[in-house]
Amino acid sequence: MEDYLLANVDVILGFAVVILTIFYRFEFPPILGFLVTGMLIGPYGLGILSGGEIDMTSELGVVFLLFTIGVDLSLNDLWKMKKAIMGGGVLQILFTTTLAFIICTWIGFSSATSIFIGLLISLSSTAIVLKVFQDKNEVDTPHGKTSLAILIFQDLAIVPLILITPILAGSSISFDGAFSNIFFKGSLIIFVFILSSRFLVPWIFYCVGRTGSKQLFLVSVVFICLSAAVFTSSIGLSLALGAFLAGIVISGSQYSHQAMGNILPLKDMFMSFFFVSIGMLLNISYLLDHLPLLVLAAVALIIIKSIAGMLITIILGYPLRTTIITGLALSQVGEFSFVLSKLGLEYSLLSKETYQAFLAVSIITMGVTPFLINASYRPAEFIVKKASDSVYGMKLVRGFCSGPFEGKECVEPEIKDHLIMVGFGFFGKTISKAAKAAGIPYIILETNPDIVKQEKTKGERIQYGDATFGAVLEHAGIRNARVLITGISDSLATRKIVEKAKELNPNIYVIAKVRELQEMKHLHHLGADEIIPEEYETSVEIFVRLLEKYLVPRENIEKMVNDLRANGYRRLRKLSVDQDTDNEFSIKDELPGVEIQVLKVGKGSGFDGKTLAEMEFRKKHGVTVLSVRRGSEMIHTPEGDFLLKAKDACVLLGKPESLLNVRKLFESITGEVRPSFQSGSKIELIPKPDSFPQN
């Protein structure tokens with residue numbers, strides 16, 4: 001029996017490797033690969049497996065999936081996105097369900113089945129949408145954040161949807177009895193999980209953490225997850241609900257990140273079995289026989305979900321471009337819909353034929369999602385351009401939330417030579433603080449109405465508007481501005497902003513932040529004066545830190561960095577083979593057995609209150625004082641009459657053993673010393689627990 005089970009698992013993994021490798025080359029989502037694997041090896045495909053062999057593993061996949069969602073749930077992050085999550089998420093499900101209900105009842109389905117189908121198709125695929133946006137570096141864009149907020153609510157909504165499915169099926173239970181039963185179970189769950197989160201779970205993790213065993217920690221995480229699932233199942237609720245609540249309990253503890261890291265491989269493995277099991281249920285003959293009708297149904301579903309998503313995003317106040325991309329991004333059926341559909345089949349809310357149609361349509365919508373999102377930008381630009389020709393259309397283009405800000409944000413006529421900052425994320429906040437500190441007049445443009453409202457109350461000079469439109473830039477004084485900086489993640493929007501800014505003011509100096517190097521060519525062509533690619537600057541900074549570690553002279557470092565920025569990565573590759581450069585410097589060759597350390601003058605130490613000449617560092621201790629940092633001031637090559645004070649940080653050059661000896665005089669530290677006298681190594685001091693220096 002064990003050999004038989006092992007052989008089945010081996011067949012699944014073997015086919016999955018081949019199919020996912022092919023899908024990866026064509027950029028299809030992995031979920032679709034697992035579904036196709038199930039279709040191929042299932043009873044309606046090659047007939048290698050019947051489907052019942054992996055029911056247990058697929059059930060565990062759902063349990064672990066709900067558990068990881070609970071663990072990854074940050075209440076603080078959810079609170080910041082509460083408007084988009086609660087408002088957008090609730091309305092999106094209601095709108096989609098209502099539209100589907102109307103169509104399904106018109107076709108001839110019962111009211112309960114119509115509602116259930118509406119709930120099924122209202123859920124979208126978090127895994128697929130986020131993967132596409134992550135690949136495009138657009139998670140932090142307005143459409144990325146809005147989509148993420150709605151997807152988070154849909155993921156959370158699966159728990160109550162699972163609970164109300166039996167009610168839709170028409171369970172013959174009296175209302176009074178059902179109410180008292182639900183109240184009792186709910187109270188019991190709340191009591192047990194509050195008790196667990198306050199005492200039991202922290203105590204388990206504390207005891208396990210003291211052992212330092214990663215294997216034991218993994219076992220404890222799985223134990224807590226499955227125990228919670230078994231508990232809720234024992235009182236008549238679903239396994240998934242218990243796993244989700246267990247994740248919520250752990251998310252509030254300091255062990256949440258470690259628990260997530262341990263459980264992710266298990267979740268991925270069991271979820272792959274879940275999607276394979278779903279694929280096994282799809283009848284390929286049914287798919288081929290009804291392909292035109294199923295494709296038509298998939299197109300209708302995409303249209304319905306896109307309209308619902310667009311309406312919700314418009315209500316939230318986002319510009320038209322954001323609403324179009326968000327609506328199309330949420331137009332597929334999600335992975336949780338498969339979880340719910342199996343429950344609907346069990347409670348006879350779906351017939352076998354309807355279930356087959358649902359599976360086929362869902363797989364089609366999931367397969368076209370990456371291509372649909374990638375193709376959504378051009379139609380969005382076209383629609384926005386057409387809509388901006390009319391007054392009402394321009395109102396739609398800018399977003400309905402632009403109304404409260406219109407007429408209140410008049411740029412002062414005398415403002416000139418100011419900075420226009422597009423986007424108020426981390427990058428924008430940093431630039432605005434620097435501009436404020438330097439006394440540079442600036443104006444911020446932001447498309448998130450909540451951020452605009454919040455920052456205006458703090459006195460920030462911020463305006464609501466999409467900077468891709470000339471009217472918004474003119475309102476910000478683009479013709480009199482000196483510099484424009486784009487700090488957004490949307491590469492296409494950045495291109496339009498640069499193009500429009502140069503069109504309105506050819507003399508404006510444009511600085512654009514981009515994520516990838518390939519964007520530099522497009523922005524240079526559009527007239528951007530400075531382009532700062534994040535990955536490029538990160539590599540330059542790492543390169544600088546590397547050279548500093550090997551004590552390369554500062555002027556040589558600056559020359560090499562200038563060469564890098566002037567010639568790009570080609571220069572970086574040439575540096576290692578360029579024989580004509582005189583910048584090569586090796587501490588191992590030039591300064592053997594010498595290192596640099598920074599030591600702080602301790603209060604009451606022998607050096608506190610004495611000059612460098614009195615201490616005779618070179619003569620008595622064999623070290624040289626290169627510079628001294630006092631607070632924020634740096635004193636380079638201090639003279640002999642320089643007076644040391646407590647908390648001064650001295651940069652010393654010398655042999656490791658000399659630095660070790662002089663360190664004892666800087667501050668009173670007792671502990672075990674393990675010196676290492678190799679060139680370039682650090683002196684390692686291990687203080688006793690009660691002897692850490694206090695600042």
# chains A, B, ... in the order shown; residues from 1 in each chain; ligands from 1
>>> residues_around(residues="A:Glu503", least_positions_apart="4", cutoff="10 Å", atoms="only C-alpha atoms", output="list of chain:residue names")
A:Gly470, A:Arg479, A:Ile497, A:Val498, A:Glu499, A:Asn507, A:Ile508, A:Leu526, A:Gly527
>>> write_last_selection(atoms="all heavy atoms", output="PDB file, in the first residue's frame")
ATOM      1  N   GLY A 470      -1.391  66.818 -18.835  1.00  0.00           N
ATOM      2  CA  GLY A 470      -0.803  68.152 -18.866  1.00  0.00           C
ATOM      3  C   GLY A 470      -1.511  69.123 -17.954  1.00  0.00           C
ATOM      4  O   GLY A 470      -0.871  70.000 -17.350  1.00  0.00           O
ATOM      5  N   ARG A 479       5.362  75.158 -15.930  1.00  0.00           N
ATOM      6  CA  ARG A 479       6.042  76.093 -16.826  1.00  0.00           C
ATOM      7  C   ARG A 479       7.064  76.949 -16.088  1.00  0.00           C
ATOM      8  O   ARG A 479       7.994  77.470 -16.709  1.00  0.00           O
ATOM      9  CB  ARG A 479       5.016  76.972 -17.539  1.00  0.00           C
ATOM     10  CG  ARG A 479       4.050  76.163 -18.409  1.00  0.00           C
ATOM     11  CD  ARG A 479       3.172  77.059 -19.251  1.00  0.00           C
ATOM     12  NE  ARG A 479       2.134  76.276 -19.937  1.00  0.00           N
ATOM     13  CZ  ARG A 479       2.339  75.646 -21.094  1.00  0.00           C
ATOM     14  NH1 ARG A 479       3.523  75.695 -21.670  1.00  0.00           N
ATOM     15  NH2 ARG A 479       1.352  74.968 -21.662  1.00  0.00           N
ATOM     16  N   ILE A 497       4.861  60.872 -18.129  1.00  0.00           N
ATOM     17  CA  ILE A 497       5.111  62.084 -17.341  1.00  0.00           C
ATOM     18  C   ILE A 497       6.315  62.838 -17.886  1.00  0.00           C
ATOM     19  O   ILE A 497       6.290  64.068 -18.034  1.00  0.00           O
ATOM     20  CB  ILE A 497       5.319  61.711 -15.856  1.00  0.00           C
ATOM     21  CG1 ILE A 497       4.010  61.171 -15.260  1.00  0.00           C
ATOM     22  CG2 ILE A 497       5.804  62.912 -15.055  1.00  0.00           C
ATOM     23  CD1 ILE A 497       4.188  60.529 -13.904  1.00  0.00           C
ATOM     24  N   VAL A 498       7.387  62.103 -18.183  1.00  0.00           N
ATOM     25  CA  VAL A 498       8.595  62.743 -18.724  1.00  0.00           C
ATOM     26  C   VAL A 498       8.282  63.402 -20.064  1.00  0.00           C
ATOM     27  O   VAL A 498       8.680  64.554 -20.319  1.00  0.00           O
ATOM     28  CB  VAL A 498       9.728  61.704 -18.874  1.00  0.00           C
ATOM     29  CG1 VAL A 498      10.914  62.317 -19.619  1.00  0.00           C
ATOM     30  CG2 VAL A 498      10.167  61.191 -17.511  1.00  0.00           C
ATOM     31  N   GLU A 499       7.561  62.687 -20.900  1.00  0.00           N
ATOM     32  CA  GLU A 499       7.227  63.228 -22.221  1.00  0.00           C
ATOM     33  C   GLU A 499       6.378  64.488 -22.107  1.00  0.00           C
ATOM     34  O   GLU A 499       6.635  65.500 -22.773  1.00  0.00           O
ATOM     35  CB  GLU A 499       6.496  62.157 -23.032  1.00  0.00           C
ATOM     36  CG  GLU A 499       6.139  62.588 -24.446  1.00  0.00           C
ATOM     37  CD  GLU A 499       5.409  61.500 -25.210  1.00  0.00           C
ATOM     38  OE1 GLU A 499       4.880  60.571 -24.559  1.00  0.00           O
ATOM     39  OE2 GLU A 499       5.372  61.582 -26.456  1.00  0.00           O
ATOM     40  N   ASN A 507      12.736  73.331 -20.848  1.00  0.00           N
ATOM     41  CA  ASN A 507      13.913  73.660 -20.043  1.00  0.00           C
ATOM     42  C   ASN A 507      13.907  73.008 -18.661  1.00  0.00           C
ATOM     43  O   ASN A 507      14.877  73.158 -17.918  1.00  0.00           O
ATOM     44  CB  ASN A 507      14.015  75.178 -19.870  1.00  0.00           C
ATOM     45  CG  ASN A 507      14.224  75.897 -21.191  1.00  0.00           C
ATOM     46  OD1 ASN A 507      14.945  75.407 -22.058  1.00  0.00           O
ATOM     47  ND2 ASN A 507      13.560  77.042 -21.357  1.00  0.00           N
ATOM     48  N   ILE A 508      12.826  72.325 -18.303  1.00  0.00           N
ATOM     49  CA  ILE A 508      12.771  71.729 -16.973  1.00  0.00           C
ATOM     50  C   ILE A 508      13.745  70.562 -16.872  1.00  0.00           C
ATOM     51  O   ILE A 508      13.952  69.819 -17.836  1.00  0.00           O
ATOM     52  CB  ILE A 508      11.334  71.263 -16.629  1.00  0.00           C
ATOM     53  CG1 ILE A 508      11.221  70.968 -15.125  1.00  0.00           C
ATOM     54  CG2 ILE A 508      10.939  70.045 -17.460  1.00  0.00           C
ATOM     55  CD1 ILE A 508       9.802  70.766 -14.666  1.00  0.00           C
ATOM     56  N   LEU A 526      13.033  60.221 -24.427  1.00  0.00           N
ATOM     57  CA  LEU A 526      11.947  61.157 -24.148  1.00  0.00           C
ATOM     58  C   LEU A 526      12.432  62.467 -23.545  1.00  0.00           C
ATOM     59  O   LEU A 526      11.627  63.387 -23.369  1.00  0.00           O
ATOM     60  CB  LEU A 526      10.926  60.501 -23.208  1.00  0.00           C
ATOM     61  CG  LEU A 526      10.158  59.313 -23.792  1.00  0.00           C
ATOM     62  CD1 LEU A 526       9.339  58.613 -22.717  1.00  0.00           C
ATOM     63  CD2 LEU A 526       9.263  59.765 -24.937  1.00  0.00           C
ATOM     64  N   GLY A 527      13.712  62.539 -23.194  1.00  0.00           N
ATOM     65  CA  GLY A 527      14.271  63.806 -22.726  1.00  0.00           C
ATOM     66  C   GLY A 527      14.623  63.871 -21.261  1.00  0.00           C
ATOM     67  O   GLY A 527      14.942  64.961 -20.762  1.00  0.00           O
TER      68      GLY A 527
END
>>> residues_around(residues="A:Gln332", least_positions_apart="3", cutoff="9 Å", atoms="only C-alpha atoms", output="MDAnalysis selection string")
chainID A and resid 121:125 298 301:302 305:306 328:329 362:369
>>> write_last_selection(atoms="N, CA, C and O atoms", output="tab-separated table (two decimals), in the first residue's frame")
chain	number	residue	atom	x	y	z
A	121	ILE	N	-17.42	33.00	-8.60
A	121	ILE	CA	-16.67	33.77	-9.59
A	121	ILE	C	-16.23	35.13	-9.06
A	121	ILE	O	-15.43	35.81	-9.70
A	122	SER	N	-16.73	35.53	-7.89
A	122	SER	CA	-16.32	36.83	-7.33
A	122	SER	C	-14.89	36.79	-6.80
A	122	SER	O	-14.25	37.83	-6.64
A	123	LEU	N	-14.37	35.58	-6.52
A	123	LEU	CA	-13.01	35.45	-5.99
A	123	LEU	C	-12.00	35.42	-7.14
A	123	LEU	O	-12.22	34.75	-8.14
A	124	SER	N	-10.90	36.14	-6.96
A	124	SER	CA	-9.85	36.21	-7.97
A	124	SER	C	-8.59	35.54	-7.46
A	124	SER	O	-8.48	35.22	-6.26
A	125	SER	N	-7.62	35.36	-8.34
A	125	SER	CA	-6.41	34.61	-8.00
A	125	SER	C	-5.32	35.54	-7.47
A	125	SER	O	-4.69	36.27	-8.24
A	298	ALA	N	-16.31	32.08	-20.69
A	298	ALA	CA	-15.11	32.67	-20.07
A	298	ALA	C	-14.99	34.15	-20.42
A	298	ALA	O	-14.66	34.99	-19.56
A	301	LEU	N	-17.55	36.00	-18.40
A	301	LEU	CA	-17.10	36.10	-17.00
A	301	LEU	C	-16.04	37.19	-16.84
A	301	LEU	O	-16.08	37.99	-15.89
A	302	ILE	N	-15.10	37.24	-17.78
A	302	ILE	CA	-14.05	38.27	-17.72
A	302	ILE	C	-14.67	39.66	-17.82
A	302	ILE	O	-14.27	40.59	-17.09
A	305	LYS	N	-16.54	40.46	-14.42
A	305	LYS	CA	-15.62	40.76	-13.32
A	305	LYS	C	-14.85	42.06	-13.58
A	305	LYS	O	-14.55	42.80	-12.64
A	306	SER	N	-14.52	42.33	-14.83
A	306	SER	CA	-13.82	43.57	-15.15
A	306	SER	C	-14.70	44.78	-14.86
A	306	SER	O	-14.24	45.77	-14.29
A	328	LEU	N	-9.31	44.71	-15.09
A	328	LEU	CA	-8.85	43.59	-15.92
A	328	LEU	C	-7.96	42.63	-15.12
A	328	LEU	O	-7.95	41.43	-15.38
A	329	ALA	N	-7.21	43.16	-14.16
A	329	ALA	CA	-6.34	42.30	-13.35
A	329	ALA	C	-7.14	41.34	-12.48
A	329	ALA	O	-6.68	40.25	-12.15
A	362	SER	N	-12.97	28.41	-15.47
A	362	SER	CA	-11.99	28.95	-14.52
A	362	SER	C	-10.57	28.78	-15.05
A	362	SER	O	-9.74	29.70	-14.98
A	363	ILE	N	-10.27	27.59	-15.57
A	363	ILE	CA	-8.93	27.33	-16.09
A	363	ILE	C	-8.62	28.23	-17.28
A	363	ILE	O	-7.50	28.75	-17.42
A	364	ILE	N	-9.63	28.48	-18.13
A	364	ILE	CA	-9.41	29.38	-19.28
A	364	ILE	C	-9.09	30.79	-18.80
A	364	ILE	O	-8.16	31.44	-19.29
A	365	THR	N	-9.86	31.29	-17.82
A	365	THR	CA	-9.64	32.66	-17.34
A	365	THR	C	-8.28	32.80	-16.65
A	365	THR	O	-7.60	33.82	-16.80
A	366	MET	N	-7.88	31.77	-15.92
A	366	MET	CA	-6.58	31.82	-15.26
A	366	MET	C	-5.44	31.79	-16.28
A	366	MET	O	-4.41	32.45	-16.10
A	367	GLY	N	-5.63	31.03	-17.36
A	367	GLY	CA	-4.59	30.92	-18.36
A	367	GLY	C	-4.34	32.22	-19.12
A	367	GLY	O	-3.20	32.54	-19.48
A	368	VAL	N	-5.41	32.99	-19.36
A	368	VAL	CA	-5.25	34.21	-20.15
A	368	VAL	C	-4.89	35.43	-19.29
A	368	VAL	O	-4.59	36.49	-19.83
A	369	THR	N	-4.92	35.27	-17.96
A	369	THR	CA	-4.70	36.42	-17.09
A	369	THR	C	-3.37	37.15	-17.32
A	369	THR	O	-3.35	38.38	-17.46
>>> select_by_dssp(residues="stretch 418-479 of chain A", states="strand (DSSP E)", output="list in words")
Leu419, Ile420, Met421, Val422, Tyr442, Ile443, Ile444, Leu445, Glu446, Ile462, Gln463 and Tyr464 of chain A
>>> write_last_selection(atoms="C-alpha atoms", output="PDB file, in the first residue's frame")
ATOM      1  CA  LEU A 419      10.492  71.275  -7.521  1.00  0.00           C
ATOM      2  CA  ILE A 420       7.604  69.047  -8.625  1.00  0.00           C
ATOM      3  CA  MET A 421       7.674  65.642  -6.944  1.00  0.00           C
ATOM      4  CA  VAL A 422       5.470  62.927  -8.501  1.00  0.00           C
ATOM      5  CA  TYR A 442       8.253  72.108  -3.881  1.00  0.00           C
ATOM      6  CA  ILE A 443       4.874  70.665  -4.825  1.00  0.00           C
ATOM      7  CA  ILE A 444       3.883  66.988  -4.559  1.00  0.00           C
ATOM      8  CA  LEU A 445       1.487  65.229  -6.945  1.00  0.00           C
ATOM      9  CA  GLU A 446      -0.211  62.056  -5.671  1.00  0.00           C
ATOM     10  CA  ILE A 462       0.537  68.132  -1.860  1.00  0.00           C
ATOM     11  CA  GLN A 463      -2.031  68.033  -4.662  1.00  0.00           C
ATOM     12  CA  TYR A 464      -4.295  65.303  -5.943  1.00  0.00           C
TER      13      TYR A 464
END
>>> residues_around(residues="A:Lys214", least_positions_apart="5", cutoff="12 Å", atoms="only C-alpha atoms", output="list in words")
Phe205, Val208, Gly209, Val219, Ser220, Val221, Gln258, Ala259, Gly261, Asn262 and Ile263 of chain A
>>> closest_residue(among="A:Ile451, A:Ile128, A:Ile48, A:Met39", to="A:Ala360", atoms="only C-alpha atoms")
A:Met39
>>> closest_residue(among="A:Pro43, A:Gly309, A:Pro656, A:Gly33", to="A:Gly89", atoms="only C-alpha atoms")
A:Gly309
>>> closest_residue(among="A:Asn283, A:Thr447, A:Ser489, A:Asn8", to="A:Val139", atoms="only C-alpha atoms")
A:Ser489
>>> atom_distance(atom1="atom CA of A:Thr313", atom2="atom CA of A:Phe382")
18.5 Å
>>> residues_around(residues="stretch 9-26 of chain A", least_positions_apart="2", cutoff="8 Å", atoms="only C-alpha atoms", output="NGL selection string")
:A and (5-7 or 28-30 or 33-34 or 36-38 or 41 or 276)
>>> residues_around(residues="A:Thr105", least_positions_apart="4", cutoff="12 Å", atoms="only C-alpha atoms", output="list in words")
Thr97, Thr98, Leu99, Ala100, Phe101, Phe109, Ser110, Ser111, Ala112, Thr113, Ser114, Ile115, Phe116, Ile117 and Gly118 of chain A
>>> write_last_selection(atoms="N, CA and C atoms", output="compact mmCIF listing (two decimals), in the first residue's frame")
# COMPACT_ATOMS: atom_id res chain seq x y z
N THR A 97 -21.35 39.23 -7.51
CA THR A 97 -22.38 38.25 -7.18
C THR A 97 -23.74 38.68 -7.71
N THR A 98 -24.05 39.98 -7.62
CA THR A 98 -25.33 40.49 -8.11
C THR A 98 -25.45 40.32 -9.63
N LEU A 99 -24.40 40.70 -10.35
CA LEU A 99 -24.43 40.55 -11.81
C LEU A 99 -24.55 39.08 -12.21
N ALA A 100 -23.78 38.22 -11.54
CA ALA A 100 -23.84 36.79 -11.85
C ALA A 100 -25.20 36.21 -11.49
N PHE A 101 -25.78 36.66 -10.39
CA PHE A 101 -27.11 36.18 -9.96
C PHE A 101 -28.17 36.50 -11.01
N PHE A 109 -31.05 28.82 -13.54
CA PHE A 109 -30.57 28.23 -12.30
C PHE A 109 -31.46 28.68 -11.14
N SER A 110 -31.46 27.89 -10.07
CA SER A 110 -32.20 28.25 -8.87
C SER A 110 -31.53 29.44 -8.19
N SER A 111 -32.27 30.07 -7.28
CA SER A 111 -31.73 31.25 -6.60
C SER A 111 -30.49 30.90 -5.78
N ALA A 112 -30.54 29.78 -5.05
CA ALA A 112 -29.40 29.38 -4.22
C ALA A 112 -28.17 29.10 -5.08
N THR A 113 -28.39 28.37 -6.18
CA THR A 113 -27.26 28.06 -7.07
C THR A 113 -26.73 29.32 -7.73
N SER A 114 -27.62 30.24 -8.10
CA SER A 114 -27.18 31.49 -8.73
C SER A 114 -26.33 32.31 -7.78
N ILE A 115 -26.75 32.39 -6.51
CA ILE A 115 -25.95 33.13 -5.52
C ILE A 115 -24.60 32.45 -5.32
N PHE A 116 -24.63 31.12 -5.25
CA PHE A 116 -23.38 30.38 -5.02
C PHE A 116 -22.42 30.56 -6.19
N ILE A 117 -22.93 30.52 -7.42
CA ILE A 117 -22.07 30.73 -8.59
C ILE A 117 -21.50 32.15 -8.57
N GLY A 118 -22.34 33.11 -8.17
CA GLY A 118 -21.84 34.48 -8.06
C GLY A 118 -20.71 34.61 -7.06
>>> closest_residue(among="A:Ala646, A:Val222, A:Val625, A:Leu94", to="A:Phe607", atoms="only C-alpha atoms")
A:Ala646
>>> closest_residue(among="A:Leu226, A:Leu119, A:Leu612, A:Val598", to="A:Lys647", atoms="only C-alpha atoms")
A:Val598
>>> closest_residue(among="A:Lys82, A:Lys429, A:Arg515, A:Lys500", to="A:Thr538", atoms="only C-alpha atoms")
A:Arg515
>>> residues_around(residues="stretch 384-388 of chain A", least_positions_apart="2", cutoff="12 Å", atoms="only C-alpha atoms", output="PyMOL selection string")
chain A and resi 319-325+377-382+390-399+466+468-471
